[in-house]
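Here is the file run-v7.txt (compact mmCIF, C-alpha atoms).
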```
# COMPACT_ATOMS: atom_id res chain seq x y z
CA MET A 27 5.11 -98.36 -93.75
CA PRO A 28 8.53 -99.25 -92.55
CA ILE A 29 9.11 -102.94 -92.26
CA ALA A 30 11.98 -104.25 -90.18
CA ARG A 31 13.71 -107.59 -90.42
CA ILE A 32 15.68 -108.35 -87.29
CA ASP A 33 18.09 -111.29 -87.36
CA LEU A 34 19.97 -112.68 -84.38
CA VAL A 35 21.29 -115.92 -82.92
CA GLU A 36 18.78 -118.13 -81.15
CA GLY A 37 18.84 -118.33 -77.37
CA LYS A 38 17.61 -114.93 -76.30
CA SER A 39 14.38 -114.59 -74.35
CA ALA A 40 11.16 -113.39 -75.91
CA GLU A 41 11.44 -110.29 -73.75
CA TYR A 42 14.95 -109.55 -75.00
CA ARG A 43 13.86 -109.92 -78.61
CA ARG A 44 10.81 -107.81 -78.02
CA THR A 45 12.91 -105.06 -76.51
CA ILE A 46 15.05 -104.92 -79.63
CA ALA A 47 11.93 -104.59 -81.76
CA ASP A 48 10.47 -101.95 -79.43
CA VAL A 49 13.62 -99.86 -79.60
CA VAL A 50 13.82 -100.07 -83.39
CA TYR A 51 10.20 -98.97 -83.61
CA ASP A 52 10.49 -96.12 -81.13
CA GLN A 53 13.65 -94.66 -82.61
CA MET A 54 12.57 -95.02 -86.21
CA SER A 55 9.48 -92.99 -85.36
CA LYS A 56 11.59 -90.32 -83.69
CA HIS A 57 14.36 -90.00 -86.22
CA LEU A 58 13.46 -91.14 -89.71
CA GLY A 59 10.42 -89.01 -90.46
CA VAL A 60 8.34 -92.09 -91.21
CA PRO A 61 4.78 -92.95 -90.21
CA GLU A 62 4.45 -94.55 -86.78
CA ASP A 63 3.37 -97.94 -87.95
CA ARG A 64 4.88 -101.19 -86.85
CA PHE A 65 5.61 -104.16 -89.05
CA GLN A 66 8.53 -106.26 -87.87
CA VAL A 67 9.79 -109.77 -88.36
CA ILE A 68 12.33 -111.32 -86.00
CA THR A 69 14.25 -114.39 -87.11
CA GLU A 70 16.34 -116.49 -84.74
CA HIS A 71 19.18 -118.41 -86.33
CA LYS A 72 21.40 -121.28 -85.38
CA ILE A 73 24.88 -119.85 -84.77
CA GLU A 74 26.20 -121.79 -87.75
CA ASN A 75 23.72 -119.97 -90.01
CA PHE A 76 24.45 -116.48 -88.72
CA LEU A 77 27.80 -115.16 -89.85
CA TYR A 78 29.03 -111.82 -88.55
CA ASP A 79 32.42 -110.35 -89.28
CA PRO A 80 34.45 -110.60 -86.06
CA ASP A 81 36.65 -107.56 -86.64
CA TYR A 82 35.65 -105.55 -89.72
CA LEU A 83 36.97 -101.97 -89.36
CA GLY A 84 38.52 -102.89 -86.03
CA ILE A 85 35.12 -103.40 -84.43
CA TYR A 86 35.04 -106.62 -82.43
CA ARG A 87 31.70 -108.37 -82.66
CA SER A 88 30.28 -111.17 -80.55
CA GLU A 89 27.59 -113.84 -80.82
CA ASN A 90 25.17 -111.23 -79.53
CA CYS A 91 25.40 -109.44 -82.87
CA VAL A 92 22.06 -108.26 -84.24
CA PHE A 93 21.33 -107.44 -87.88
CA ILE A 94 18.63 -104.80 -88.33
CA GLN A 95 17.16 -104.26 -91.79
CA LEU A 96 14.64 -101.48 -92.29
CA SER A 97 12.76 -100.69 -95.50
CA PHE A 98 10.81 -97.48 -95.92
CA ILE A 99 9.94 -94.76 -98.40
CA ALA A 100 13.15 -93.12 -99.52
CA GLY A 101 13.59 -89.59 -98.23
CA ALA A 102 15.37 -89.68 -94.90
CA THR A 103 18.59 -87.69 -94.94
CA THR A 104 22.03 -88.99 -94.11
CA GLU A 105 21.80 -87.11 -90.82
CA GLN A 106 18.45 -88.69 -89.95
CA LYS A 107 19.78 -92.15 -90.68
CA ALA A 108 22.90 -91.54 -88.60
CA ALA A 109 20.78 -90.25 -85.71
CA PHE A 110 18.61 -93.37 -85.93
CA PHE A 111 21.62 -95.68 -85.82
CA LYS A 112 23.04 -93.93 -82.78
CA ALA A 113 19.77 -93.74 -80.88
CA VAL A 114 18.99 -97.42 -81.37
CA VAL A 115 22.43 -98.51 -80.30
CA ASP A 116 22.45 -96.25 -77.26
CA GLU A 117 19.05 -97.48 -76.08
CA LEU A 118 19.88 -101.15 -76.69
CA HIS A 119 23.07 -100.69 -74.73
CA GLU A 120 21.19 -99.10 -71.89
CA LYS A 121 18.28 -101.54 -71.77
CA LEU A 122 19.91 -104.84 -72.74
CA TYR A 123 23.60 -104.17 -72.10
CA LEU A 124 24.02 -104.98 -75.78
CA ARG A 125 27.49 -103.95 -76.88
CA ARG A 126 27.42 -101.04 -79.31
CA GLU A 127 29.77 -102.98 -81.56
CA ASP A 128 27.18 -105.69 -81.99
CA VAL A 129 24.49 -103.78 -83.87
CA PHE A 130 24.59 -103.87 -87.67
CA PHE A 131 22.09 -101.89 -89.75
CA HIS A 132 21.15 -101.80 -93.36
CA LEU A 133 18.39 -99.68 -94.82
CA PHE A 134 16.38 -99.85 -98.03
CA GLY A 135 14.61 -96.88 -99.52
CA VAL A 136 11.77 -97.64 -101.90
CA GLY A 137 9.01 -95.75 -103.70
CA THR A 138 5.60 -94.60 -102.53
CA ALA A 139 3.78 -96.93 -104.93
CA ASP A 140 5.50 -99.97 -103.43
CA TRP A 141 3.32 -100.33 -100.35
CA SER A 142 -0.06 -101.66 -99.42
CA MET A 143 -0.85 -101.60 -95.73
CA GLY A 144 -4.11 -103.53 -96.09
CA ASN A 145 -7.34 -103.74 -98.08
CA GLY A 146 -5.48 -104.21 -101.34
CA VAL A 147 -4.94 -100.49 -101.81
CA GLY A 148 -1.74 -98.69 -102.82
CA THR A 149 -1.67 -96.90 -99.50
CA TYR A 150 0.60 -93.99 -100.37
CA ASN A 151 -0.44 -93.33 -103.95
CA ASN A 152 -2.12 -90.08 -102.91
CA GLY A 153 0.45 -89.10 -100.29
CA VAL A 154 1.59 -90.22 -96.87
CA PRO A 155 -0.93 -89.71 -94.06
CA THR A 156 0.35 -87.68 -91.14
CA ASN A 157 -1.93 -89.23 -88.50
CA ARG A 158 -1.38 -92.91 -87.90
CA LEU A 159 -5.07 -93.62 -87.46
CA ASP A 160 -6.50 -91.37 -90.17
CA PRO A 161 -5.90 -92.44 -93.77
CA ASN A 162 -7.29 -89.12 -94.95
CA SER A 163 -4.67 -87.05 -93.13
CA VAL A 164 -2.73 -86.59 -96.33
CA PRO A 165 -1.04 -83.23 -96.92
CA ALA A 166 -2.59 -81.36 -99.82
CA SER A 167 -0.43 -81.36 -102.91
CA PRO A 168 0.89 -78.05 -104.26
CA ASP A 169 -2.00 -77.67 -106.71
CA GLY A 170 -4.54 -77.89 -103.91
CA SER A 171 -5.70 -81.43 -104.62
CA LYS A 172 -5.09 -84.26 -102.22
CA MET B 2 12.73 -113.03 -112.06
CA PRO B 3 10.48 -111.88 -109.37
CA ILE B 4 11.25 -113.36 -106.01
CA ALA B 5 8.67 -113.28 -103.24
CA ARG B 6 9.21 -113.51 -99.51
CA ILE B 7 6.01 -114.40 -97.72
CA ASP B 8 5.95 -114.11 -93.93
CA LEU B 9 3.15 -115.26 -91.64
CA VAL B 10 2.48 -116.73 -88.23
CA GLU B 11 3.01 -120.46 -87.86
CA GLY B 12 0.00 -122.74 -87.59
CA LYS B 13 -1.49 -122.62 -91.06
CA SER B 14 -1.64 -125.76 -93.18
CA ALA B 15 0.73 -126.42 -96.04
CA GLU B 16 -2.23 -126.09 -98.40
CA TYR B 17 -3.14 -122.69 -96.98
CA ARG B 18 0.43 -121.45 -97.35
CA ARG B 19 0.65 -122.86 -100.84
CA THR B 20 -2.53 -121.09 -101.86
CA ILE B 21 -1.08 -117.75 -100.78
CA ALA B 22 2.00 -118.43 -102.88
CA ASP B 23 -0.10 -119.56 -105.85
CA VAL B 24 -2.18 -116.40 -105.73
CA VAL B 25 0.84 -114.14 -105.52
CA TYR B 26 2.36 -115.92 -108.49
CA ASP B 27 -0.78 -115.86 -110.63
CA GLN B 28 -1.60 -112.23 -110.00
CA MET B 29 1.95 -110.98 -110.39
CA SER B 30 2.02 -112.61 -113.81
CA LYS B 31 -1.26 -110.97 -114.76
CA HIS B 32 -0.64 -107.49 -113.45
CA LEU B 33 2.99 -106.55 -113.09
CA GLY B 34 4.30 -107.14 -116.61
CA VAL B 35 6.98 -109.49 -115.30
CA PRO B 36 8.15 -112.85 -116.64
CA GLU B 37 6.11 -115.83 -115.46
CA ASP B 38 8.75 -117.42 -113.34
CA ARG B 39 8.28 -118.56 -109.80
CA PHE B 40 10.75 -118.14 -106.99
CA GLN B 41 9.15 -117.85 -103.56
CA VAL B 42 10.18 -118.35 -99.97
CA ILE B 43 7.61 -118.76 -97.21
CA THR B 44 8.67 -118.23 -93.60
CA GLU B 45 6.50 -119.20 -90.65
CA HIS B 46 7.10 -117.27 -87.47
CA LYS B 47 6.28 -117.66 -83.83
CA ILE B 48 3.65 -115.06 -82.99
CA GLU B 49 6.09 -113.31 -80.67
CA ASN B 50 8.46 -112.79 -83.62
CA PHE B 51 5.87 -111.46 -86.04
CA LEU B 52 4.73 -107.97 -85.20
CA TYR B 53 1.92 -106.37 -87.19
CA ASP B 54 0.38 -103.02 -86.43
CA PRO B 55 -3.08 -103.67 -84.99
CA ASP B 56 -4.72 -100.48 -86.24
CA TYR B 57 -2.46 -98.41 -88.50
CA LEU B 58 -4.62 -96.10 -90.65
CA GLY B 59 -7.73 -97.46 -88.95
CA ILE B 60 -7.24 -100.88 -90.49
CA TYR B 61 -7.69 -103.59 -87.87
CA ARG B 62 -5.31 -106.49 -88.38
CA SER B 63 -5.37 -109.96 -86.87
CA GLU B 64 -2.94 -112.81 -86.26
CA ASN B 65 -3.74 -113.99 -89.77
CA CYS B 66 -1.79 -111.05 -91.15
CA VAL B 67 0.50 -111.92 -94.06
CA PHE B 68 3.49 -109.88 -95.21
CA ILE B 69 4.21 -110.21 -98.93
CA GLN B 70 7.51 -108.89 -100.27
CA LEU B 71 8.14 -109.00 -104.01
CA SER B 72 11.34 -107.99 -105.79
CA PHE B 73 11.49 -107.57 -109.55
CA ILE B 74 12.95 -105.43 -112.30
CA ALA B 75 11.76 -101.87 -111.81
CA GLY B 76 9.28 -100.74 -114.40
CA ALA B 77 5.76 -101.56 -113.25
CA THR B 78 3.58 -98.46 -113.02
CA THR B 79 1.73 -97.26 -109.96
CA GLU B 80 -1.47 -98.51 -111.58
CA GLN B 81 -0.03 -101.96 -112.21
CA LYS B 82 1.13 -102.23 -108.62
CA ALA B 83 -2.24 -101.12 -107.28
CA ALA B 84 -4.02 -103.63 -109.52
CA PHE B 85 -1.71 -106.36 -108.24
CA PHE B 86 -2.42 -105.49 -104.61
CA LYS B 87 -6.17 -105.55 -105.18
CA ALA B 88 -6.22 -108.75 -107.19
CA VAL B 89 -4.15 -110.68 -104.64
CA VAL B 90 -6.26 -109.51 -101.74
CA ASP B 91 -9.53 -110.26 -103.53
CA GLU B 92 -8.43 -113.76 -104.48
CA LEU B 93 -7.06 -114.54 -101.01
CA HIS B 94 -10.31 -113.36 -99.52
CA GLU B 95 -12.27 -115.58 -101.87
CA LYS B 96 -10.14 -118.70 -101.55
CA LEU B 97 -8.97 -118.56 -97.94
CA TYR B 98 -11.47 -116.18 -96.33
CA LEU B 99 -8.42 -114.10 -95.49
CA ARG B 100 -9.54 -110.67 -94.34
CA ARG B 101 -8.56 -107.95 -96.79
CA GLU B 102 -7.18 -105.94 -93.87
CA ASP B 103 -4.65 -108.67 -93.16
CA VAL B 104 -2.52 -108.46 -96.29
CA PHE B 105 0.52 -106.19 -96.23
CA PHE B 106 2.70 -105.73 -99.32
CA HIS B 107 6.04 -104.17 -99.99
CA LEU B 108 7.78 -104.18 -103.34
CA PHE B 109 11.38 -103.71 -104.41
CA GLY B 110 12.38 -102.64 -107.88
CA VAL B 111 15.93 -103.48 -108.94
CA GLY B 112 18.02 -103.37 -112.09
CA THR B 113 18.30 -105.80 -114.99
CA ALA B 114 21.91 -106.66 -114.17
CA ASP B 115 20.96 -107.81 -110.68
CA TRP B 116 19.62 -111.24 -111.60
CA SER B 117 20.95 -114.64 -112.44
CA MET B 118 18.31 -117.32 -112.91
CA GLY B 119 20.82 -120.15 -113.23
CA ASN B 120 24.04 -121.23 -114.93
CA GLY B 121 25.95 -118.28 -113.51
CA VAL B 122 24.78 -115.94 -116.26
CA GLY B 123 23.46 -112.40 -115.89
CA THR B 124 20.10 -113.48 -117.27
CA TYR B 125 18.70 -110.12 -118.34
CA ASN B 126 21.86 -108.39 -119.53
CA ASN B 127 20.67 -108.61 -123.13
CA GLY B 128 17.00 -108.02 -122.42
CA VAL B 129 14.10 -109.80 -120.80
CA PRO B 130 12.85 -112.91 -122.64
CA THR B 131 9.17 -112.84 -123.52
CA ASN B 132 8.67 -116.61 -123.52
CA ARG B 133 9.20 -118.28 -120.19
CA LEU B 134 10.86 -121.33 -121.73
CA ASP B 135 12.94 -119.65 -124.42
CA PRO B 136 15.93 -117.63 -123.25
CA ASN B 137 16.38 -116.32 -126.79
CA SER B 138 12.95 -114.70 -126.94
CA VAL B 139 14.45 -111.31 -126.24
CA PRO B 140 12.96 -108.29 -128.03
CA ALA B 141 15.40 -106.73 -130.45
CA SER B 142 16.87 -103.48 -129.20
CA PRO B 143 16.18 -100.26 -131.16
CA ASP B 144 19.40 -100.57 -133.16
CA GLY B 145 18.42 -104.00 -134.41
CA SER B 146 20.77 -105.98 -132.18
CA LYS B 147 19.54 -108.30 -129.47
CA MET C 16 29.04 -103.90 -95.97
CA PRO C 17 27.52 -106.47 -98.17
CA ILE C 18 24.98 -108.62 -96.46
CA ALA C 19 23.94 -111.91 -97.97
CA ARG C 20 20.76 -113.86 -97.42
CA ILE C 21 21.13 -117.46 -98.51
CA ASP C 22 18.00 -119.61 -98.72
CA LEU C 23 17.88 -123.33 -99.38
CA VAL C 24 15.96 -126.47 -98.52
CA GLU C 25 16.72 -128.05 -95.15
CA GLY C 26 18.73 -131.25 -95.02
CA LYS C 27 22.20 -130.13 -96.03
CA SER C 28 25.08 -130.46 -93.59
CA ALA C 29 26.50 -127.49 -91.73
CA GLU C 30 29.69 -127.92 -93.73
CA TYR C 31 27.79 -127.79 -97.02
CA ARG C 32 25.97 -124.63 -95.98
CA ARG C 33 29.17 -123.06 -94.75
CA THR C 34 30.87 -123.77 -98.04
CA ILE C 35 28.14 -121.91 -99.91
CA ALA C 36 28.62 -118.93 -97.61
CA ASP C 37 32.41 -119.10 -97.94
CA VAL C 38 32.20 -119.10 -101.72
CA VAL C 39 29.79 -116.17 -101.82
CA TYR C 40 32.10 -114.22 -99.54
CA ASP C 41 35.29 -115.03 -101.42
CA GLN C 42 33.90 -114.26 -104.86
CA MET C 43 32.10 -111.11 -103.84
CA SER C 44 35.40 -109.79 -102.50
CA LYS C 45 37.15 -110.66 -105.75
CA HIS C 46 34.57 -109.43 -108.23
CA LEU C 47 32.24 -106.79 -106.88
CA GLY C 48 34.67 -104.13 -105.69
CA VAL C 49 33.16 -104.21 -102.22
CA PRO C 50 34.84 -104.17 -98.81
CA GLU C 51 35.91 -107.58 -97.54
CA ASP C 52 33.50 -107.82 -94.70
CA ARG C 53 31.27 -110.73 -93.99
CA PHE C 54 27.68 -110.57 -92.87
CA GLN C 55 25.58 -113.52 -93.97
CA VAL C 56 22.37 -115.18 -92.92
CA ILE C 57 21.49 -118.70 -94.03
CA THR C 58 17.90 -119.88 -93.79
CA GLU C 59 16.88 -123.50 -94.21
CA HIS C 60 13.34 -124.09 -95.39
CA LYS C 61 10.94 -126.97 -95.50
CA ILE C 62 10.59 -128.01 -99.14
CA GLU C 63 6.95 -126.95 -99.10
CA ASN C 64 8.03 -123.40 -98.21
CA PHE C 65 10.75 -123.10 -100.83
CA LEU C 66 9.37 -122.74 -104.34
CA TYR C 67 11.77 -122.70 -107.28
CA ASP C 68 10.70 -122.63 -110.89
CA PRO C 69 11.43 -126.08 -112.33
CA ASP C 70 12.09 -124.97 -115.90
CA TYR C 71 12.11 -121.19 -116.34
CA LEU C 72 14.07 -120.30 -119.49
CA GLY C 73 14.66 -123.98 -120.16
CA ILE C 74 16.86 -124.31 -117.09
CA TYR C 75 15.91 -127.41 -115.11
CA ARG C 76 16.20 -126.87 -111.37
CA SER C 77 16.23 -129.38 -108.54
CA GLU C 78 15.57 -129.45 -104.82
CA ASN C 79 19.20 -128.44 -104.37
CA CYS C 80 18.36 -124.97 -105.65
CA VAL C 81 19.94 -122.14 -103.67
CA PHE C 82 18.73 -118.54 -103.62
CA ILE C 83 21.50 -116.01 -102.99
CA GLN C 84 20.56 -112.43 -102.19
CA LEU C 85 23.31 -109.87 -101.79
CA SER C 86 22.87 -106.23 -100.79
CA PHE C 87 25.70 -103.73 -101.11
CA ILE C 88 26.47 -100.13 -102.03
CA ALA C 89 25.38 -99.57 -105.63
CA GLY C 90 28.29 -99.17 -108.01
CA ALA C 91 29.31 -102.56 -109.36
CA THR C 92 29.08 -102.74 -113.14
CA THR C 93 27.06 -105.23 -115.14
CA GLU C 94 30.31 -106.96 -116.01
CA GLN C 95 31.35 -107.23 -112.36
CA LYS C 96 28.00 -108.69 -111.42
CA ALA C 97 28.13 -111.20 -114.26
CA ALA C 98 31.67 -112.21 -113.26
CA PHE C 99 30.49 -112.70 -109.68
CA PHE C 100 27.58 -114.91 -110.75
CA LYS C 101 29.83 -117.09 -112.89
CA ALA C 102 32.61 -117.40 -110.32
CA VAL C 103 30.25 -118.42 -107.51
CA VAL C 104 28.50 -120.99 -109.65
CA ASP C 105 31.76 -122.44 -110.94
CA GLU C 106 33.23 -122.77 -107.46
CA LEU C 107 30.06 -124.26 -105.99
CA HIS C 108 29.98 -126.76 -108.81
CA GLU C 109 33.57 -127.69 -108.17
CA LYS C 110 33.39 -127.89 -104.39
CA LEU C 111 29.88 -129.20 -103.77
CA TYR C 112 28.94 -130.70 -107.15
CA LEU C 113 26.08 -128.22 -107.07
CA ARG C 114 24.47 -128.07 -110.49
CA ARG C 115 25.05 -124.73 -112.19
CA GLU C 116 21.34 -124.61 -112.98
CA ASP C 117 20.51 -124.60 -109.28
CA VAL C 118 21.97 -121.25 -108.26
CA PHE C 119 19.67 -118.21 -108.36
CA PHE C 120 20.98 -114.73 -107.53
CA HIS C 121 19.39 -111.41 -106.88
CA LEU C 122 21.26 -108.27 -105.92
CA PHE C 123 20.25 -105.04 -104.25
CA GLY C 124 22.22 -101.83 -104.59
CA VAL C 125 21.69 -99.25 -101.88
CA GLY C 126 23.20 -95.94 -100.79
CA THR C 127 26.25 -95.17 -98.69
CA ALA C 128 24.18 -93.65 -95.89
CA ASP C 129 22.22 -96.88 -95.45
CA TRP C 130 24.79 -98.79 -93.44
CA SER C 131 26.04 -98.97 -89.91
CA MET C 132 28.60 -101.67 -89.25
CA GLY C 133 28.64 -101.11 -85.49
CA ASN C 134 28.89 -98.48 -82.78
CA GLY C 135 25.81 -96.69 -84.06
CA VAL C 136 27.76 -94.77 -86.70
CA GLY C 137 26.85 -94.25 -90.34
CA THR C 138 29.93 -96.16 -91.41
CA TYR C 139 30.28 -94.91 -94.97
CA ASN C 140 29.15 -91.33 -94.57
CA ASN C 141 32.70 -90.09 -95.13
CA GLY C 142 33.63 -92.67 -97.73
CA VAL C 143 34.34 -96.38 -97.93
CA PRO C 144 37.49 -97.54 -96.15
CA THR C 145 39.93 -99.44 -98.35
CA ASN C 146 41.49 -101.51 -95.54
CA ARG C 147 39.13 -103.90 -93.81
CA LEU C 148 40.66 -103.28 -90.41
CA ASP C 149 41.26 -99.54 -90.62
CA PRO C 150 38.18 -97.29 -90.52
CA ASN C 151 40.38 -94.32 -91.38
CA SER C 152 41.56 -95.76 -94.69
CA VAL C 153 39.09 -93.64 -96.59
CA PRO C 154 40.22 -92.22 -99.94
CA ALA C 155 40.51 -88.44 -99.88
CA SER C 156 37.69 -86.69 -101.69
CA PRO C 157 38.55 -84.55 -104.75
CA ASP C 158 38.78 -81.37 -102.68
CA GLY C 159 41.42 -82.88 -100.42
CA SER C 160 39.16 -83.52 -97.44
CA LYS C 161 38.32 -87.00 -96.24
```
Turn the structure described in the file into structure tokens.
Amino acid sequence: MPIARIDLVEGKSAEYRRTIADVVYDQMSKHLGVPEDRFQVITEHKIENFLYDPDYLGIYRSENCVFIQLSFIAGATTEQKAAFFKAVVDELHEKLYLRREDVFFHLFGVGTADWSMGNGVGTYNNGVPTNRLDPNSVPASPDGSK
Amino acid sequence: MPIARIDLVEGKSAEYRRTIADVVYDQMSKHLGVPEDRFQVITEHKIENFLYDPDYLGIYRSENCVFIQLSFIAGATTEQKAAFFKAVVDELHEKLYLRREDVFFHLFGVGTADWSMGNGVGTYNNGVPTNRLDPNSVPASPDGSK
Amino acid sequence: MPIARIDLVEGKSAEYRRTIADVVYDQMSKHLGVPEDRFQVITEHKIENFLYDPDYLGIYRSENCVFIQLSFIAGATTEQKAAFFKAVVDELHEKLYLRREDVFFHLFGVGTADWSMGNGVGTYNNGVPTNRLDPNSVPASPDGSK
């Protein structure tokens, strides 16, 4: 159910952009305790339409700055979120030589009733499946029902 | 006050895109208990920038996948949201032959103070008007004031 | 930490768009009690993809309509938000002759753990710095720790 919006300046290759998306997906699955599903939108902007703070908190940012927005069911802890931030930045640095200073994140936590992953159904109204290919893999609720 | 962000792959006609927006508007008005106002942004993406999960929960999605994001004042019930999902998907299937599997929704509920619909005023600070053309059609509060 | 998404119809000059972004930044810093950092994305849309309600609540909107979305740590009061709406609209009217009716706002309040402003760190996990260039300018917590 997470959906990512990735914003960056135009001019990077499709492979570069795809790598960013891949890394966000891989690390979100590892760190945020969310289902391993992938819904991501990448938007390339003219530099004049993409404004990043050049030195907020003494962090010097460049035109390679990437904004990563991720929305998912609220529940991840502060520690999980921090681990996600670090893991993404480390892997982007390793794979794309992207400066660690140039990755900006913001997360949105929303409710279980706020998602439909297809077929016009409120996907998580009976719980969050634990197997990405089995919609019936929902943990039983405390009273024994699903 | 609802605002929709509709994301899809480029290549569809203006009429096709408009129909998606029309359906989202009509069904949100019917099912979500929100004012009948219309603010919608459609973004067309290159296929390489629009990543949909091909088989999450055993639902097979195609390049016709549409992501529908809707933000509105929190308050709709789980049942209302589920009815909205179903109604949109059914009508899109009927009008555009859009596969039911290809419609992904995510909703955001926010506060009443978070909206200004024009004129630089916090539109809902005194309540939500019940008539779409009359800003004074606000239900009286329990103490008799507006 | 605030991040703005500004949507409008294509056809305005870069200077016009930049002025909108400048005004949003300046007034958010003055009115919302947020750090003075600047992260903004402007998206220009084809008119057919940008749907604004022409007369909701008796407010007549034109093709110059601008949608301003701002996300920041929850905490601003209703009064602060209303002051922000009014100040932006007044300044846009003065500087760009933008009609007051044509500015639509929606705000999102999120948690402190939901942000990383660079370096893969959960920037506000220990508090919100008070000096935009000093990450250590965090107010001491009540128990004397930072």
For this session: Find the spatial neighbours of His46 of chain C, counting only C-alpha atoms, within a cut-off of 6 Å - ignore same-chain residues fewer than 2 positions away - and output them as a count of residues only.
Result: 6
Exercise. Could you write out as a PyMOL selection string the residues of chain C within 9 Å of chain B, counting only C-alpha atoms?
Worked result: chain C and resi 22+60+63-76+82+92-94+96-105+114-124
Exercise. Could you pull the residues within 10 Å of Lys110 of chain C, counting all atoms listed in the file, minus those fewer than 3 positions along the same chain, as a ChimeraX atom specification?
Worked result: /C:31,34-35,38,104-107,113
Problem set entry | d(atom CA of Tyr26 of chain B, atom CA of Ala141 of chain B) in Å | 27.1 Å
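For the pair atom CA of Val67 of chain B and atom CA of Val10 of chain B, the separation is 7.8 Å.
Take atom CA of Ile99 of chain A and atom CA of Gln70 of chain B: the distance between them is 14.5 Å.
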Could you write segment 42-58 of chain B as a PDB file, keeping the file's coordinate frame, with N, CA and C atoms rebuilt where they are missing?
```pdb
ATOM      1  N   VAL B  42       9.771-117.800-101.266  1.00  0.00           N
ATOM      2  CA  VAL B  42      10.180-118.350 -99.970  1.00  0.00           C
ATOM      3  C   VAL B  42       9.096-117.985 -98.957  1.00  0.00           C
ATOM      4  N   ILE B  43       8.603-118.987 -98.260  1.00  0.00           N
ATOM      5  CA  ILE B  43       7.610-118.760 -97.210  1.00  0.00           C
ATOM      6  C   ILE B  43       8.283-118.982 -95.857  1.00  0.00           C
ATOM      7  N   THR B  44       8.106-118.047 -94.938  1.00  0.00           N
ATOM      8  CA  THR B  44       8.670-118.230 -93.600  1.00  0.00           C
ATOM      9  C   THR B  44       7.551-118.133 -92.571  1.00  0.00           C
ATOM     10  N   GLU B  45       7.486-119.151 -91.732  1.00  0.00           N
ATOM     11  CA  GLU B  45       6.500-119.200 -90.650  1.00  0.00           C
ATOM     12  C   GLU B  45       7.173-118.758 -89.354  1.00  0.00           C
ATOM     13  N   HIS B  46       6.505-117.865 -88.661  1.00  0.00           N
ATOM     14  CA  HIS B  46       7.100-117.270 -87.470  1.00  0.00           C
ATOM     15  C   HIS B  46       6.274-117.590 -86.222  1.00  0.00           C
ATOM     16  N   LYS B  47       6.967-117.678 -85.113  1.00  0.00           N
ATOM     17  CA  LYS B  47       6.280-117.660 -83.830  1.00  0.00           C
ATOM     18  C   LYS B  47       5.580-116.306 -83.696  1.00  0.00           C
ATOM     19  N   ILE B  48       4.414-116.311 -83.082  1.00  0.00           N
ATOM     20  CA  ILE B  48       3.650-115.060 -82.990  1.00  0.00           C
ATOM     21  C   ILE B  48       4.465-113.969 -82.312  1.00  0.00           C
ATOM     22  N   GLU B  49       5.306-114.325 -81.381  1.00  0.00           N
ATOM     23  CA  GLU B  49       6.090-113.310 -80.670  1.00  0.00           C
ATOM     24  C   GLU B  49       7.168-112.675 -81.570  1.00  0.00           C
ATOM     25  N   ASN B  50       7.452-113.313 -82.703  1.00  0.00           N
ATOM     26  CA  ASN B  50       8.460-112.790 -83.620  1.00  0.00           C
ATOM     27  C   ASN B  50       7.867-112.130 -84.858  1.00  0.00           C
ATOM     28  N   PHE B  51       6.566-112.002 -84.868  1.00  0.00           N
ATOM     29  CA  PHE B  51       5.870-111.460 -86.040  1.00  0.00           C
ATOM     30  C   PHE B  51       4.968-110.332 -85.551  1.00  0.00           C
ATOM     31  N   LEU B  52       5.406-109.112 -85.781  1.00  0.00           N
ATOM     32  CA  LEU B  52       4.730-107.970 -85.200  1.00  0.00           C
ATOM     33  C   LEU B  52       4.031-107.161 -86.283  1.00  0.00           C
ATOM     34  N   TYR B  53       2.722-107.116 -86.209  1.00  0.00           N
ATOM     35  CA  TYR B  53       1.920-106.370 -87.190  1.00  0.00           C
ATOM     36  C   TYR B  53       1.200-105.260 -86.439  1.00  0.00           C
ATOM     37  N   ASP B  54       1.050-104.147 -87.087  1.00  0.00           N
ATOM     38  CA  ASP B  54       0.380-103.020 -86.430  1.00  0.00           C
ATOM     39  C   ASP B  54      -1.103-103.317 -86.329  1.00  0.00           C
ATOM     40  N   PRO B  55      -1.684-103.253 -85.141  1.00  0.00           N
ATOM     41  CA  PRO B  55      -3.080-103.670 -84.990  1.00  0.00           C
ATOM     42  C   PRO B  55      -4.089-102.712 -85.593  1.00  0.00           C
ATOM     43  N   ASP B  56      -3.693-101.436 -85.795  1.00  0.00           N
ATOM     44  CA  ASP B  56      -4.720-100.480 -86.240  1.00  0.00           C
ATOM     45  C   ASP B  56      -4.180 -99.336 -87.090  1.00  0.00           C
ATOM     46  N   TYR B  57      -3.021 -99.489 -87.686  1.00  0.00           N
ATOM     47  CA  TYR B  57      -2.460 -98.410 -88.500  1.00  0.00           C
ATOM     48  C   TYR B  57      -3.436 -97.998 -89.601  1.00  0.00           C
ATOM     49  N   LEU B  58      -3.682 -96.705 -89.689  1.00  0.00           N
ATOM     50  CA  LEU B  58      -4.620 -96.100 -90.650  1.00  0.00           C
ATOM     51  C   LEU B  58      -6.047 -96.616 -90.464  1.00  0.00           C
TER      52      LEU B  58
END
```
